[in-house]
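Below is one structure, written out as structure tokens; the observations come after it.
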Amino acid sequence: MNSILFIIILLYLLSSAGYIIFLFAQKKIYHKLSYSIMMAGFGVHTVLIGVEFFQIGYFPAQNLHQTLLFAGWSLAGVFLVLKYRYRLNILGVYAAPLTTAIMIAAFCVPAVAVAPTPLFKSLWLILHIIIIFIAEGSLSLACGTGILYLIQEHAIKTKSNRFFLKRLPSLEFLDRTGYAFIVTGFTMLTIGLITGFIYAQIVWGRFWSWDNKEIWSVITWLIYAALLHGRLVAGWRGRRAAIMAIIGFAALLFTFFGVNFLLEGHHDEFTKW
Amino acid sequence: MMNSQNGNGEPADIPKTGPEMSEIVLIGVNHKTAPVELREKLAFSGEETQNALKLYQKTPYINEVMILSTCNRVEVLMVTDNRSHAIEAILSFIAGTKAIPQAQLKKCTYIHSGTRSIQHVFRVASSLDSMMIGEPQILGQLKKAFKTAVNQKSTGLILNRLMHKAFSVAKRVRSETGIGGHAVSISYAAVELARKIFDTLDGKTILLVGAGEMAELAVEHLIHNTSSGNLLVANRTLSVGVELANRYNGNAIRLEEIPEKLKTVDIIISSTGSPNYIITKAHVKPTMRLRKNRPLFFIDIAVPRDIDPAINRISDAYVYDIDDLQGVITENIETRNAESIKAERIVDESVIKFTDWHERLDVIPTIIALKNKLNGIAKMELSKTLQTLKHLSSNDQMAFERMTASLIKKILHDPTLFLKNPGSHRNKSVYLDFTCKLFNLDKERDETIR
């Protein structure tokens, strides 16, 4: 397993290097190459997770190692699809290294064996995990797009940094793409939370149990809901939308990791290590 | 070695060359050799070009010809067997039809031939010879000129290939160097910046404040890039504004209406002579909410400035004044100059390749190569045969050798005569190229030339 993981990391690393070269050299060939390498890495990655799923018989997101592995997979997958859809090549500079970092973290965290319980086999749980992770993937890309927006906006305002001005796409394009990522992510997040509640109802007999994870999930959801509402009603676009996308993602990260490490709740076992 | 191109190649007195060689010759004037008054007179309209091509086709010694006429250059490119006659014919024709004294014309004319002419064509196509290095129009103009000539059937093997190579060199230069990458005039810089704010300029509304010449210059390129955009012109004298607006299918408004219109416009270009700010922060701040924070781009080309620079501090509003734009331009010009060195290298490489091909189309080396090829085959087959016939005396062996030699001579007799003179109406180059391909002579030719 470890050697396959090593190959995956190597491919993502190569892809990251390619995207960084693309940032400087601005030749199409580099981003095309990086995209293909990333796709290859994603292919091997899919096989790895598939094999693990098959071997242990339940969805492999039960300890921190598996969770990170799946987080990397969903980020890479979401990036590959959304980049194809929206043609925001330069976003690879953000997505590829981030994926690589997650994978390296997964590599460093030992896999702790978790006693399988019948609870893990529920279809609702699998749906919940997959959908939530797709949401997290697109919302992290929205955060990346927001960062690119702020860099480009700063370059145009200050008139000093021609390096980024030349290399990044237009503000309107970044804004629109970021918005599309948030709509995708928010929709998935909503569906993911609903499937989670249904699963809770099946397992614990109640939709809502005032668990820390649940509370923070709803807080995160509210931040994104506010962002979308503000955009539609009051025209929160551009700079403000970019900053909100970054704040939203920070809240998401806290819900994902922070709650498990700092607070207590019923998702604890999924980040055991 | 080929960088010293600045238009004035050789003087217009032409040395004689033998009638055997067909060579590429380029005669022209450009912005470096002739003042605009002369270039205006010399320019060929589409119809004039066609007529001139028709005439040149009938002129003896001119095998292939095309004419490129733009506002910065008039050039005649041709393939000729007798350059002095051809050049004389073309110069006297131009001097005659354009009513310019030949002496005056000759003074501004540059004539390139051989490698120099190939290089010149490639440099023109790649926009290295342009007034504004890297400007993109020239390639389109050259393509159009070539198309006109092709429709007239006035080009042949050599010019067709030369032009296709020129187009691909230009494409390489454009994609491999940053020569055409960045704006080098105020209006282009404004468009470049606008494109970094707005994804597309289509459908954007432009407000022009002040209807002066500067403003018009700046707006022209911008309008060109917005296929379905609107133009509003605000001017102190409404009638002047109306006149300018009509020219671009826009509407004129009064200066007092500007704050109101800020809600709907996207790009504002200001160039009034006003000593005070026309648009202040107090005008813009409240409108941003009404605009739902859609970006607003101010281009201030007035001195003293019309737009309060403090507006740049408002979120989603961007202000560039004339110095900011100038800064962008200066940096872009530096990049272009640096990139043009790379471009010259690409051109030179391609010139060498093309010259190589063109030289292959000479009669003598082709015949020698053909002879060498046959001799080589004969020698090898002869030695194989003689090895099995050991009983032959040396006299008998020599008889064999003599026989093969005269065989080759006889075989080559008719082709040689034909290649040297394929008939007055036929294009020699086509047959030379064909011969090389038929006998696969490229390797032999290389050895012959060296």
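Residue names in the structure tokens use chain letters A, B, ... in the order shown, residue numbers from 1 in each chain, and ligand numbers from 1 in the order shown.
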Sel. of strand (DSSP E) residues, range 91-144 of chain B, as a list of chain:residue names: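 Assigned to strand (DSSP E), within range 91-144 of chain B: B:Tyr110, B:Ile111, B:His112, B:Ser113.
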At a cut-off of 6 Å, can you tabulate as a Markdown table every residue of chain B near chain A together with its closest atom pair and the distance in Å to one decimal, using only C-alpha atoms and ordering rows by chain then number?
```
| residue | atom | partner | partner_atom | distance |
| --- | --- | --- | --- | --- |
| B:Lys196 | CA | A:Ser170 | CA | 4.0 |
| B:Ile197 | CA | A:Leu171 | CA | 4.8 |
| B:Phe198 | CA | A:Glu172 | CA | 5.2 |
| B:Asp199 | CA | A:Glu172 | CA | 5.3 |
| B:Lys292 | CA | A:Gly235 | CA | 4.0 |
| B:Asn293 | CA | A:Gly235 | CA | 6.0 |
```
Long-range neighbours of Phe197 in chain A as number ranges by chain, 12 Å cut-off, only C-alpha atoms, 2 positions minimum in chain: A: 124-125, 127-128, 190-195, 199-211, 213-214, 217-218
From A:Asn161, A:Thr255, A:Thr99, A:Asn89, residue lying nearest Tyr30 in chain A [only C-alpha atoms]: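 Closest to Tyr30 in chain A of all the choices is A:Asn89.
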CA of Gly77 in chain A to CA of Gln55 in chain A, distance in Å rounded to a single decimal: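 It comes out at 22.4 Å.
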Residue set, range 232-437 of chain B restricted to alpha helix (DSSP H), as an MDAnalysis selection string: chainID B and resid 238:247 258:261 281:290 322:359 363:388 394:420 428:437
Interatomic distance, CA of Lys106 in chain B to CA of Ile90 in chain B (Å, one decimal):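 Separation of CA of Lys106 in chain B and CA of Ile90 in chain B: 11.3 Å.
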Two-atom distance - CA of Thr237 in chain B, CA of Ile279 in chain B (Å): 17.8 Å
Shell of 12 Å around Lys353 in chain B, only C-alpha atoms, local chain residues under 5 positions omitted, as a list of chain:residue names: B:Thr115, B:Ile118, B:Gln119, B:Arg161, B:Leu162, B:Lys165, B:Ala166, B:Val169, B:Ile346, B:Val347, B:Asp348, B:His358, B:Glu359, B:Arg360
Test item: residues at most 10 Å from Val74 in chain B, only C-alpha atoms, excluding those fewer than 6 positions along its chain, as a PyMOL selection string: chain B and resi 27-31+39-40+42-44+67-68+109
